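All remarks here apply to the structure that follows.
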There are 4 protein chains.
Amino acid sequence: MKIRTAILTIVFTSIGAASAVNAALPDPGMEIDPGRTALLITDPQNDFLSPHGVAWGVVGKSVTENNTVANIDSLFKAAKANGMPVFVSPHYYYPTDHGWHAEGALETLMHNIGMFNRKGALTTEGFEGSGADWLELYKPYINDGKTIVSSPHKLYGPETNDLVLQLRKRGINKIILGGMSANLCTESHMRELMEQGFEVAVVSDATAAAIVEEGDGYQAALVNFRFIANTVWTTEEAVRKINSSK
Amino acid sequence: MKIRTAILTIVFTSIGAASAVNAALPDPGMEIDPGRTALLITDPQNDFLSPHGVAWGVVGKSVTENNTVANIDSLFKAAKANGMPVFVSPHYYYPTDHGWHAEGALETLMHNIGMFNRKGALTTEGFEGSGADWLELYKPYINDGKTIVSSPHKLYGPETNDLVLQLRKRGINKIILGGMSANLCTESHMRELMEQGFEVAVVSDATAAAIVEEGDGYQAALVNFRFIANTVWTTEEAVRKINSSK
Amino acid sequence: MKIRTAILTIVFTSIGAASAVNAALPDPGMEIDPGRTALLITDPQNDFLSPHGVAWGVVGKSVTENNTVANIDSLFKAAKANGMPVFVSPHYYYPTDHGWHAEGALETLMHNIGMFNRKGALTTEGFEGSGADWLELYKPYINDGKTIVSSPHKLYGPETNDLVLQLRKRGINKIILGGMSANLCTESHMRELMEQGFEVAVVSDATAAAIVEEGDGYQAALVNFRFIANTVWTTEEAVRKINSSK
Amino acid sequence: MKIRTAILTIVFTSIGAASAVNAALPDPGMEIDPGRTALLITDPQNDFLSPHGVAWGVVGKSVTENNTVANIDSLFKAAKANGMPVFVSPHYYYPTDHGWHAEGALETLMHNIGMFNRKGALTTEGFEGSGADWLELYKPYINDGKTIVSSPHKLYGPETNDLVLQLRKRGINKIILGGMSANLCTESHMRELMEQGFEVAVVSDATAAAIVEEGDGYQAALVNFRFIANTVWTTEEAVRKINSSK
């Protein structure tokens with residue numbers, strides 16, 4: 001196997017020569033194909049993005065540092081101004097979800113703190129302004145009658161909702177991805193959409209994550225975005241590309 | 001929303017009191033339920049685990065530091081000694097896979113370096129001892145006629161193979177997870193299996209990952225294992241629990 | 001291959017000897033395992049089951065002949081009386097669903113006639129008593145605070161909702177299946193649940209289907225239930241088994 | 001709800017006026033979009049299509065009446081002549097698959113008669129000319145180095161293999177579908193591909209099914225193809241459309 005190892009070295013070298021910044025990993029990039037590219041925002045909800053949300057204590061610092069709230073706003077604005085389809089994948093828990101027999105760590109935490117709780121799928125009682133509601137700033141975009149809001153995901157990825165079908169039913173095969181939180185729902189959406197054959201450009205500062213004693217969710221997500229996605233953009237790059245995509 | 005924020009603080013406090021090590025995140029744990037619990041190893045193949053494998057240049061340091069090869073061996077040995085079902089999810093690429101129209105960063109890299117290449121699904125020509133073959137050390141476990149080898153996954157998770165069906169057809173709902181590489185196939189298996197309702201205990205030193213200029217895949221995976229899985233064990237803990245599970 | 005053909009003949013003969021009624025196909029059966037078995041009803045909604053529903057013109061004859069409304073009621077009653085978990089998978093369309101770029105035949109028809117329409121996922125305006133609402137008779141069962149109502153499926157199967165996760169999060173691996181309509185949502189639920197490793201007993205007279213010039217959906221479903229499911233029961237058999245399962 | 005019922009009647013009437021043959025059900029049709037449309041054949045294997053195959057006793061009559069073998073050949077030939085991508089989804093069982101804890105009726109039968117058996121995923125011993133091998137007639141098409149052969153499906157649909165990813169990685173969103181057997185793998189592929197947002201045209205005489213005492217699988221499939229798919233073509237129509245699609 002010496003020959004193959006030698007090839008590896010050559011590949012790394014030639015990639016290194018082509019791009020001093022990204023020495024080891026290729027950056028395949030993603031061209032915006034109008035009509036086939038959508039903006040997707042995960043969990044643009046109060047519990048993550050409002051200082052009054054139940055998760056602010058662990059995500060507030062990251063949201064503030066990244067300027068996440070304004071950056072997601074910039075993405076919504078650019079997409080709407082350019083007629084790019086916009087999709088939102090929300091996170092809701094209903095009373096029966098609290099009867100699950102087993103849960104992972106963050107599932108347990110979210111249920112303990114009542115995150116994303118609604119009183120039922122067929123009632124909006126108490127929803128307005130709750131932690132599960134949209135951040136007020138984004139309501140004009142989400143409620144314009146054009147934005148496609150999928151059913152709620154129940155863990156972190158779109159395996160449990162209709163997002164993939166909704167994207168395909170509109171002919172979308174490329175995604176510009178932002179939203180909350182970076183290493184949980186955003187990353188699980190990135191991973192699942194790629195398993196379904198979509199191209200994904202993640203917007204690295206239109207997201208944020210919990211930073212706790214056990215680890216920095218945002219740094220973890222940045223590594224995985226770079227390893228897995230087709231490309232990683234800043235909000236500034238994403239907006240510029242969306243504006244010049246028509 | 002003041003009341004909810006207050007509850008959050010209380011929850012954190014009480015959890016902190018119960019466990020000084022894991023201050024913020026609950027650790028739900030996982031009981032081994034004999035007959036319903038399986039060992040799952042992702043990508044126990046030369047290209048990741050042999051010094052002759054094409055990825056050794058980027059994963060070798062992490063594999064060596066974690067003692068990954070011996071730890072996976074310990075898991076296989078303990079599972080087999082205790083009659084615990086063992087599943088393996090391999091990673092293969094066939095010639096037609098090189099005609100994909102778009103790929104993420106690591107997909108591009110894996111294809112560039114010929115990782116996990118086979119000459120076809122219906123030929124074993126050149127397979128023996130290749131980078132796609134099992135690490136020699138594990139062959140007695142994998143080839144014992146009992147280990148269930150799923151079809152290959154094609155990106156990182158089991159969405160593209162029959163692993164979930166094979167587990168369910170054997171009545172398995174809890175997984176002890178190890179293998180390669182930590183933030184790619186191992187983590188994507190953890191995420192997808194949890195979306196499918198399995199409980200997952202990840203064995204944090206029975207895996208390893210690429211460490212490159214763009215990021216440390218192993219550190220990223222550790223954060224996400226801790227945030228998402230039902231629990232995280234060392235190999236030593238896992239083996240002890242398997243041995244006392246009958 | 002003469003030997004294998006001979007074996008086929010022998011198998012058929014021996015099965016034929018054991019069961020004169022089911023000459024060719026084995027009937028694997030399904031034992032109710034309390035705590036692991038659930039009742040699942042698809043689309044128990046006015047548009048299918050009420051004479052005022054938009055689909056009554058094509059399904060009414062089959063619903064009436066099968067006594068479907070009363071049979072589903074008997075299943076609900078038996079499950080609730082015996083503490084068996086009950087799941088419902090509904091069918092809703094929102095305004096944005098009418099912007100899909102392509103649709104199959106029945107999707108087109110359902111959208112043409114406004115079937116299962118709601119004004120939005122986050123409003124219940126006009127829902128009460130509409131074609132998308134539950135049949136009045138079933139509301140006490142569905143609204144008892146225990147029944148788990150999944151997100152809506154958007155085509156026919158549970159691929160687009162959280163049903164599989166909800167079942168797994170409650171430890172369910174066996175399903176008693178009824179609801180509407182036989183060859184569309186009921187059959188697609190049977191097929192997908194089996195692909196996910198569940199055992200499924202279909203209740204053949206707790207369902208019904210459209211009978212149109214192009215074909216009899218109910219007869220088609222009966223054939224496929226028998227070929228694919230673990231077993232097929234009448235409502236009477238199902239109720240008797242549920243009542244003696246504790 | 002009287003108004004809605006009235007609308008239903010009008011819709012049916014107007015459709016009836018437009019098409020005397022298809023009185024009730026719309027036929028949305030499917031345009032072949034070169035580069036985005038693929039031919040997909042399920043299970044083109046000896047056990048279904050050869051008089052020596054283990055299932056010939058139950059499917060032989062239907063295969064013969066439909067001229068299925070020649071019709072699939074015509075589809076392969078037309079696709080290859082016009083540069084249309086061709087995908088094949090095979091059906092294999094390995095020794096460990098015989099240890100499943102529970103199975104549906106046809107799964108039980110297939111395992112009883114040794115259908116699609118191989119000695120292992122990593123051996124081709126005994127494969128050549130076996131019931132699991134391709135029908136000899138189709139080998140030039142399948143083995144031309146361009147046809148994409150997915151991993152095996154394990155029940156009936158592509159949920160357990162990489163077919164959807166392979167199609168998406170080639171930019172395919174429309175499928176021309178034929179193969180075996182009509183109401184099992186072919187129909188489950190149609191259903192799952194539509195749940196994934198593909199458009200599907202089923203070729204009704206390039207398939208066939210088991211006809212047994214319990215039911216006629218082919219007639220059941222015809223009804224469901226017509227109800228669910230975007231359109232249904234004969235082989236003659238499909239070939240004409242493929243030939244004029246460039």
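Labeling convention for the structure tokens: chains A, B, ... as they appear, residues from 1 per chain, ligands from 1 in order of appearance.
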
Chain A post-superposition (all in-order Cα pairs with chain B) as an mmCIF file with C-alpha atoms, in the first residue's frame:
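Once everything was written out, this is superposed.cif:
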```cif
data_model
loop_
_atom_site.group_PDB
_atom_site.id
_atom_site.type_symbol
_atom_site.label_atom_id
_atom_site.label_comp_id
_atom_site.auth_asym_id
_atom_site.auth_seq_id
_atom_site.Cartn_x
_atom_site.Cartn_y
_atom_site.Cartn_z
ATOM 1 C CA MET A 1 -40.847 34.662 30.810
ATOM 2 C CA LYS A 2 -38.989 35.417 34.005
ATOM 3 C CA ILE A 3 -40.519 32.417 35.688
ATOM 4 C CA ARG A 4 -39.199 29.997 33.106
ATOM 5 C CA THR A 5 -35.718 31.455 33.273
ATOM 6 C CA ALA A 6 -35.859 31.005 37.020
ATOM 7 C CA ILE A 7 -36.783 27.355 36.566
ATOM 8 C CA LEU A 8 -33.801 26.906 34.313
ATOM 9 C CA THR A 9 -31.498 28.153 37.039
ATOM 10 C CA ILE A 10 -33.041 25.823 39.572
ATOM 11 C CA VAL A 11 -32.716 22.853 37.277
ATOM 12 C CA PHE A 12 -29.085 23.593 36.627
ATOM 13 C CA THR A 13 -28.487 24.021 40.305
ATOM 14 C CA SER A 14 -30.140 20.800 41.312
ATOM 15 C CA ILE A 15 -28.334 18.859 38.593
ATOM 16 C CA GLY A 16 -25.113 20.497 39.702
ATOM 17 C CA ALA A 17 -25.763 19.402 43.243
ATOM 18 C CA ALA A 18 -26.363 15.826 42.165
ATOM 19 C CA SER A 19 -23.247 15.600 40.044
ATOM 20 C CA ALA A 20 -20.260 17.816 40.530
ATOM 21 C CA VAL A 21 -18.494 16.402 37.471
ATOM 22 C CA ASN A 22 -21.277 17.072 34.974
ATOM 23 C CA ALA A 23 -22.403 20.455 36.161
ATOM 24 C CA ALA A 24 -24.724 21.480 33.366
ATOM 25 C CA LEU A 25 -25.673 18.489 31.260
ATOM 26 C CA PRO A 26 -27.661 15.554 32.550
ATOM 27 C CA ASP A 27 -26.231 12.095 31.879
ATOM 28 C CA PRO A 28 -29.255 9.868 31.315
ATOM 29 C CA GLY A 29 -27.172 6.667 31.236
ATOM 30 C CA MET A 30 -28.065 3.399 29.526
ATOM 31 C CA GLU A 31 -28.697 0.018 31.112
ATOM 32 C CA ILE A 32 -27.609 -2.965 29.040
ATOM 33 C CA ASP A 33 -30.699 -5.050 28.369
ATOM 34 C CA PRO A 34 -29.435 -8.488 27.244
ATOM 35 C CA GLY A 35 -31.044 -9.531 23.958
ATOM 36 C CA ARG A 36 -32.001 -5.949 23.169
ATOM 37 C CA THR A 37 -28.511 -4.392 23.202
ATOM 38 C CA ALA A 38 -25.927 -4.705 20.441
ATOM 39 C CA LEU A 39 -22.353 -3.670 19.795
ATOM 40 C CA LEU A 40 -22.039 -1.630 16.607
ATOM 41 C CA ILE A 41 -18.674 -0.846 14.999
ATOM 42 C CA THR A 42 -18.442 1.580 12.073
ATOM 43 C CA ASP A 43 -15.690 1.304 9.430
ATOM 44 C CA PRO A 44 -13.287 -1.182 11.091
ATOM 45 C CA GLN A 45 -11.264 -1.056 7.893
ATOM 46 C CA ASN A 46 -7.619 -0.725 6.918
ATOM 47 C CA ASP A 47 -7.908 2.723 5.380
ATOM 48 C CA PHE A 48 -8.639 4.153 8.827
ATOM 49 C CA LEU A 49 -6.947 1.774 11.253
ATOM 50 C CA SER A 50 -3.838 0.430 9.503
ATOM 51 C CA PRO A 51 -0.611 2.465 9.216
ATOM 52 C CA HIS A 52 -0.806 1.464 5.546
ATOM 53 C CA GLY A 53 -4.300 2.905 5.097
ATOM 54 C CA VAL A 54 -4.740 6.013 2.944
ATOM 55 C CA ALA A 55 -6.123 8.101 5.814
ATOM 56 C CA TRP A 56 -3.407 7.224 8.339
ATOM 57 C CA GLY A 57 -1.605 10.490 7.648
ATOM 58 C CA VAL A 58 -4.509 12.457 9.131
ATOM 59 C CA VAL A 59 -6.010 9.980 11.625
ATOM 60 C CA GLY A 60 -2.906 8.058 12.773
ATOM 61 C CA LYS A 61 -2.063 10.362 15.641
ATOM 62 C CA SER A 62 -5.597 10.190 17.080
ATOM 63 C CA VAL A 63 -5.832 6.409 16.575
ATOM 64 C CA THR A 64 -2.530 5.940 18.379
ATOM 65 C CA GLU A 65 -3.283 8.285 21.266
ATOM 66 C CA ASN A 66 -6.690 6.731 21.935
ATOM 67 C CA ASN A 67 -5.392 3.186 21.603
ATOM 68 C CA THR A 68 -8.336 2.785 19.277
ATOM 69 C CA VAL A 69 -7.269 -0.460 17.591
ATOM 70 C CA ALA A 70 -6.888 -2.329 20.861
ATOM 71 C CA ASN A 71 -10.007 -0.762 22.344
ATOM 72 C CA ILE A 72 -12.226 -1.840 19.452
ATOM 73 C CA ASP A 73 -10.671 -5.300 19.827
ATOM 74 C CA SER A 74 -11.619 -5.317 23.515
ATOM 75 C CA LEU A 75 -15.216 -4.418 22.649
ATOM 76 C CA PHE A 76 -15.469 -7.176 20.015
ATOM 77 C CA LYS A 77 -13.984 -9.689 22.469
ATOM 78 C CA ALA A 78 -16.293 -8.752 25.332
ATOM 79 C CA ALA A 79 -19.412 -8.787 23.167
ATOM 80 C CA LYS A 80 -18.581 -12.172 21.652
ATOM 81 C CA ALA A 81 -17.718 -13.659 25.063
ATOM 82 C CA ASN A 82 -21.104 -12.584 26.404
ATOM 83 C CA GLY A 83 -23.245 -13.530 23.413
ATOM 84 C CA MET A 84 -24.082 -9.918 22.648
ATOM 85 C CA PRO A 85 -25.150 -9.394 19.006
ATOM 86 C CA VAL A 86 -22.471 -7.598 16.977
ATOM 87 C CA PHE A 87 -23.151 -5.394 13.953
ATOM 88 C CA VAL A 88 -20.661 -3.808 11.558
ATOM 89 C CA SER A 89 -21.441 -0.954 9.160
ATOM 90 C CA PRO A 90 -18.742 -0.717 6.463
ATOM 91 C CA HIS A 91 -17.839 2.018 4.011
ATOM 92 C CA TYR A 92 -17.207 1.099 0.363
ATOM 93 C CA TYR A 93 -17.001 3.088 -2.858
ATOM 94 C CA TYR A 94 -17.574 1.516 -6.259
ATOM 95 C CA PRO A 95 -16.400 2.900 -9.628
ATOM 96 C CA THR A 96 -19.780 4.489 -10.395
ATOM 97 C CA ASP A 97 -19.631 6.436 -7.110
ATOM 98 C CA HIS A 98 -16.859 8.485 -8.673
ATOM 99 C CA GLY A 99 -19.400 9.941 -11.092
ATOM 100 C CA TRP A 100 -21.367 11.862 -8.467
ATOM 101 C CA HIS A 101 -22.159 15.416 -9.575
ATOM 102 C CA ALA A 102 -21.451 17.115 -6.246
ATOM 103 C CA GLU A 103 -19.728 16.197 -2.997
ATOM 104 C CA GLY A 104 -18.944 17.676 0.370
ATOM 105 C CA ALA A 105 -15.390 18.349 1.519
ATOM 106 C CA LEU A 106 -14.521 14.967 3.026
ATOM 107 C CA GLU A 107 -16.358 13.100 0.264
ATOM 108 C CA THR A 108 -14.152 14.904 -2.223
ATOM 109 C CA LEU A 109 -11.048 14.082 -0.220
ATOM 110 C CA MET A 110 -11.989 10.409 0.196
ATOM 111 C CA HIS A 111 -12.580 10.063 -3.520
ATOM 112 C CA ASN A 112 -9.346 11.921 -4.348
ATOM 113 C CA ILE A 113 -7.269 9.523 -2.266
ATOM 114 C CA GLY A 114 -9.145 6.401 -3.361
ATOM 115 C CA MET A 115 -10.365 5.643 0.141
ATOM 116 C CA PHE A 116 -12.543 2.538 0.624
ATOM 117 C CA ASN A 117 -12.433 1.809 -3.095
ATOM 118 C CA ARG A 118 -13.631 -1.548 -4.400
ATOM 119 C CA LYS A 119 -13.754 -2.685 -8.018
ATOM 120 C CA GLY A 120 -17.493 -3.363 -7.824
ATOM 121 C CA ALA A 121 -20.214 -4.705 -5.585
ATOM 122 C CA LEU A 122 -20.217 -8.061 -7.351
ATOM 123 C CA THR A 123 -16.492 -8.712 -7.431
ATOM 124 C CA THR A 124 -13.952 -9.276 -4.683
ATOM 125 C CA GLU A 125 -11.006 -8.819 -7.031
ATOM 126 C CA GLY A 126 -8.244 -6.967 -5.234
ATOM 127 C CA PHE A 127 -10.291 -6.679 -2.051
ATOM 128 C CA GLU A 128 -8.272 -8.970 0.236
ATOM 129 C CA GLY A 129 -5.868 -6.831 2.227
ATOM 130 C CA SER A 130 -6.930 -3.618 0.488
ATOM 131 C CA GLY A 131 -7.782 -0.401 2.294
ATOM 132 C CA ALA A 132 -11.471 -1.357 2.121
ATOM 133 C CA ASP A 133 -10.891 -4.739 3.793
ATOM 134 C CA TRP A 134 -11.345 -5.346 7.536
ATOM 135 C CA LEU A 135 -8.358 -4.823 9.762
ATOM 136 C CA GLU A 136 -6.796 -8.291 9.942
ATOM 137 C CA LEU A 137 -7.049 -8.329 13.747
ATOM 138 C CA TYR A 138 -10.850 -8.151 13.623
ATOM 139 C CA LYS A 139 -11.515 -10.790 10.971
ATOM 140 C CA PRO A 140 -12.114 -13.637 13.448
ATOM 141 C CA TYR A 141 -14.904 -11.619 15.062
ATOM 142 C CA ILE A 142 -16.472 -10.290 11.855
ATOM 143 C CA ASN A 143 -16.256 -13.555 9.919
ATOM 144 C CA ASP A 144 -17.615 -15.888 12.634
ATOM 145 C CA GLY A 145 -20.913 -16.345 10.807
ATOM 146 C CA LYS A 146 -22.833 -14.505 13.507
ATOM 147 C CA THR A 147 -21.753 -10.894 13.121
ATOM 148 C CA ILE A 148 -24.232 -8.988 10.999
ATOM 149 C CA VAL A 149 -22.530 -6.856 8.365
ATOM 150 C CA SER A 150 -24.845 -4.256 6.877
ATOM 151 C CA SER A 151 -24.644 -2.956 3.338
ATOM 152 C CA PRO A 152 -22.144 -0.122 3.008
ATOM 153 C CA HIS A 153 -23.099 3.387 4.027
ATOM 154 C CA LYS A 154 -22.222 5.833 1.264
ATOM 155 C CA LEU A 155 -21.864 9.138 3.057
ATOM 156 C CA TYR A 156 -21.532 8.909 6.838
ATOM 157 C CA GLY A 157 -24.763 7.627 8.361
ATOM 158 C CA PRO A 158 -26.889 4.473 8.081
ATOM 159 C CA GLU A 159 -29.565 6.285 6.038
ATOM 160 C CA THR A 160 -28.175 4.601 2.919
ATOM 161 C CA ASN A 161 -27.895 1.042 4.179
ATOM 162 C CA ASP A 162 -29.933 -1.655 5.917
ATOM 163 C CA LEU A 163 -28.452 -1.280 9.403
ATOM 164 C CA VAL A 164 -31.618 0.005 11.104
ATOM 165 C CA LEU A 165 -33.724 -2.809 9.635
ATOM 166 C CA GLN A 166 -31.118 -5.411 10.598
ATOM 167 C CA LEU A 167 -31.054 -4.130 14.184
ATOM 168 C CA ARG A 168 -34.855 -4.062 14.419
ATOM 169 C CA LYS A 169 -35.199 -7.518 12.853
ATOM 170 C CA ARG A 170 -33.127 -8.787 15.803
ATOM 171 C CA GLY A 171 -35.129 -6.872 18.416
ATOM 172 C CA ILE A 172 -32.296 -4.461 19.229
ATOM 173 C CA ASN A 173 -33.135 -1.026 20.651
ATOM 174 C CA LYS A 174 -29.913 -0.131 22.482
ATOM 175 C CA ILE A 175 -26.502 0.368 20.898
ATOM 176 C CA ILE A 176 -22.959 0.399 22.216
ATOM 177 C CA LEU A 177 -21.154 2.366 19.518
ATOM 178 C CA GLY A 178 -17.504 2.496 18.509
ATOM 179 C CA GLY A 179 -15.489 2.611 15.295
ATOM 180 C CA MET A 180 -14.197 5.167 12.819
ATOM 181 C CA SER A 181 -14.138 8.021 12.400
ATOM 182 C CA ALA A 182 -15.402 9.868 15.413
ATOM 183 C CA ASN A 183 -16.976 13.020 13.960
ATOM 184 C CA LEU A 184 -17.968 11.535 10.605
ATOM 185 C CA CYS A 185 -19.401 8.010 10.365
ATOM 186 C CA THR A 186 -19.498 7.281 14.097
ATOM 187 C CA GLU A 187 -21.261 10.525 14.938
ATOM 188 C CA SER A 188 -23.620 10.291 11.948
ATOM 189 C CA HIS A 189 -24.551 6.763 13.057
ATOM 190 C CA MET A 190 -25.169 8.036 16.592
ATOM 191 C CA ARG A 191 -27.352 10.873 15.315
ATOM 192 C CA GLU A 192 -29.400 8.780 12.896
ATOM 193 C CA LEU A 193 -29.882 5.879 15.319
ATOM 194 C CA MET A 194 -31.204 8.332 17.902
ATOM 195 C CA GLU A 195 -33.563 9.865 15.325
ATOM 196 C CA GLN A 196 -34.823 6.298 14.841
ATOM 197 C CA GLY A 197 -35.457 5.948 18.588
ATOM 198 C CA PHE A 198 -32.499 3.805 19.624
ATOM 199 C CA GLU A 199 -30.638 4.476 22.866
ATOM 200 C CA VAL A 200 -26.925 4.949 22.203
ATOM 201 C CA ALA A 201 -23.889 4.695 24.477
ATOM 202 C CA VAL A 202 -20.804 5.935 22.635
ATOM 203 C CA VAL A 203 -17.412 4.503 23.605
ATOM 204 C CA SER A 204 -15.238 7.587 23.460
ATOM 205 C CA ASP A 205 -11.828 5.906 23.178
ATOM 206 C CA ALA A 206 -12.909 3.175 20.764
ATOM 207 C CA THR A 207 -12.905 5.791 18.039
ATOM 208 C CA ALA A 208 -10.598 8.498 16.671
ATOM 209 C CA ALA A 209 -10.677 11.138 13.964
ATOM 210 C CA ALA A 210 -8.789 13.253 11.506
ATOM 211 C CA ILE A 211 -6.917 16.183 13.001
ATOM 212 C CA VAL A 212 -6.132 18.718 10.286
ATOM 213 C CA GLU A 213 -5.425 22.409 10.019
ATOM 214 C CA GLU A 214 -9.145 23.148 9.739
ATOM 215 C CA GLY A 215 -10.024 21.423 12.980
ATOM 216 C CA ASP A 216 -9.767 18.547 15.391
ATOM 217 C CA GLY A 217 -12.425 16.039 14.437
ATOM 218 C CA TYR A 218 -11.992 14.071 17.624
ATOM 219 C CA GLN A 219 -12.576 16.978 19.988
ATOM 220 C CA ALA A 220 -15.634 18.005 17.971
ATOM 221 C CA ALA A 221 -17.033 14.487 18.234
ATOM 222 C CA LEU A 222 -16.461 14.297 21.993
ATOM 223 C CA VAL A 223 -18.591 17.414 22.492
ATOM 224 C CA ASN A 224 -21.395 16.094 20.330
ATOM 225 C CA PHE A 225 -21.321 12.609 21.878
ATOM 226 C CA ARG A 226 -21.738 14.210 25.302
ATOM 227 C CA PHE A 227 -24.508 16.578 24.171
ATOM 228 C CA ILE A 228 -26.538 14.077 22.161
ATOM 229 C CA ALA A 229 -26.007 10.433 23.194
ATOM 230 C CA ASN A 230 -27.748 8.753 26.099
ATOM 231 C CA THR A 231 -24.349 8.317 27.682
ATOM 232 C CA VAL A 232 -20.608 8.173 26.941
ATOM 233 C CA TRP A 233 -18.390 5.383 28.242
ATOM 234 C CA THR A 234 -14.692 4.538 28.089
ATOM 235 C CA THR A 235 -13.768 1.141 26.687
ATOM 236 C CA GLU A 236 -12.966 -0.005 30.204
ATOM 237 C CA GLU A 237 -16.434 0.953 31.442
ATOM 238 C CA ALA A 238 -18.104 -0.580 28.397
ATOM 239 C CA VAL A 239 -16.260 -3.883 28.790
ATOM 240 C CA ARG A 240 -17.043 -4.035 32.502
ATOM 241 C CA LYS A 241 -20.734 -3.373 31.851
ATOM 242 C CA ILE A 242 -20.889 -5.929 29.024
ATOM 243 C CA ASN A 243 -19.224 -8.546 31.222
ATOM 244 C CA SER A 244 -21.716 -8.007 34.029
ATOM 245 C CA SER A 245 -24.767 -7.770 31.787
ATOM 246 C CA LYS A 246 -25.768 -11.390 31.441
#
```

Practice task
as a ChimeraX atom specification, please: all residues of stretch 4-137 of chain A that backbone DSSP puts in alpha helix (DSSP H).
Solution key: /A:4-18,46-49,56-66,68-81,105-112
